[in-house]
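Before any comments, here is the structure.
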Amino acid sequence: MAPALPDWLSPQQFSTAIEEMAGAIGKQWVISDGDPKLRSYRDTFSTLPGEAQLPSAVVAPDGVDEIQAILKIANEYRVPLWPISTGRNFAYGGPAPRMPGYVVVDLKRMNRILEVNEEYAYALVEPGVSYFQLYEYLQKNRINL
């Protein structure tokens, strides 16, 4: 089944954009072409049919440089993006984009804890860090915030 695309984006343009994104971040970090893994990015709480909010593709960058490359390509081809971090936001629903034709930018690989400051009680983390991951880090390093 062909992915849903916005009116302004041809299947060829979409395919070229996805190929360029795969070149920028590695093919193993791109899900497209009807891959069954796309189904894991639907919103299981949605009242819409399961296919209604499937992304057209998913890209999973590992850092700022890869995000910049994805944004440049998406801007060039006018590919709409839907960023998620852990993709399990129960307050706002699951990881699915709210409109068909979006490419999900899954930031789960960006899961590094960059800094924890006890004196000022803050942590600088990448968007894929979960609450539990931060909790484990604090426990392991005996940090009491």
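Here, A, B, ... name the chains of the structure tokens in the order displayed, residue numbers run from 1 inside each chain, and ligands are numbered from 1 in the same displayed order.
Look at range 100-117 of chain A: the protein and nucleic acid residues within 6 Å of it, using only C-alpha atoms and passing over chain neighbours fewer than 5 places away, are Ala4, Leu5, Pro6, Gln53, Pro55, Ser56, Ala57, Val58, Val59, Ala60, Asp62, Pro80, Leu81, Trp82, Pro83, Ile84, Ser85, Thr86, Tyr122, Ala123, Leu124, Val125, Glu126, Gly128 and Val129 of chain A.
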Could you please take those selected residues and save C-alpha atoms as a CSV table (one decimal), in the first residue's frame?
chain,number,residue,atom,x,y,z
A,4,ALA,CA,-0.6,8.7,2.4
A,5,LEU,CA,1.0,12.0,1.2
A,6,PRO,CA,0.1,15.6,1.3
A,53,GLN,CA,-3.0,8.0,11.5
A,55,PRO,CA,2.9,7.9,9.4
A,56,SER,CA,4.2,7.7,5.8
A,57,ALA,CA,7.6,6.9,7.2
A,58,VAL,CA,9.7,7.1,10.4
A,59,VAL,CA,13.3,8.4,10.8
A,60,ALA,CA,15.3,8.0,14.0
A,62,ASP,CA,21.0,10.1,16.7
A,80,PRO,CA,5.8,17.5,6.9
A,81,LEU,CA,7.5,16.1,10.1
A,82,TRP,CA,6.0,14.9,13.4
A,83,PRO,CA,8.6,14.8,16.2
A,84,ILE,CA,8.2,12.4,19.1
A,85,SER,CA,10.5,11.4,21.9
A,86,THR,CA,9.6,8.2,23.7
A,122,TYR,CA,18.7,20.5,37.1
A,123,ALA,CA,19.4,17.9,34.5
A,124,LEU,CA,20.3,18.5,30.9
A,125,VAL,CA,19.0,15.6,28.9
A,126,GLU,CA,18.3,14.7,25.2
A,128,GLY,CA,14.7,10.5,24.3
A,129,VAL,CA,15.6,10.2,28.0
Between CA of Leu48 in chain A and CA of Ala74 in chain A - distance in Å to one decimal: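 Interatomic distance, CA of Ala74 in chain A to CA of Leu48 in chain A: 26.9 Å.
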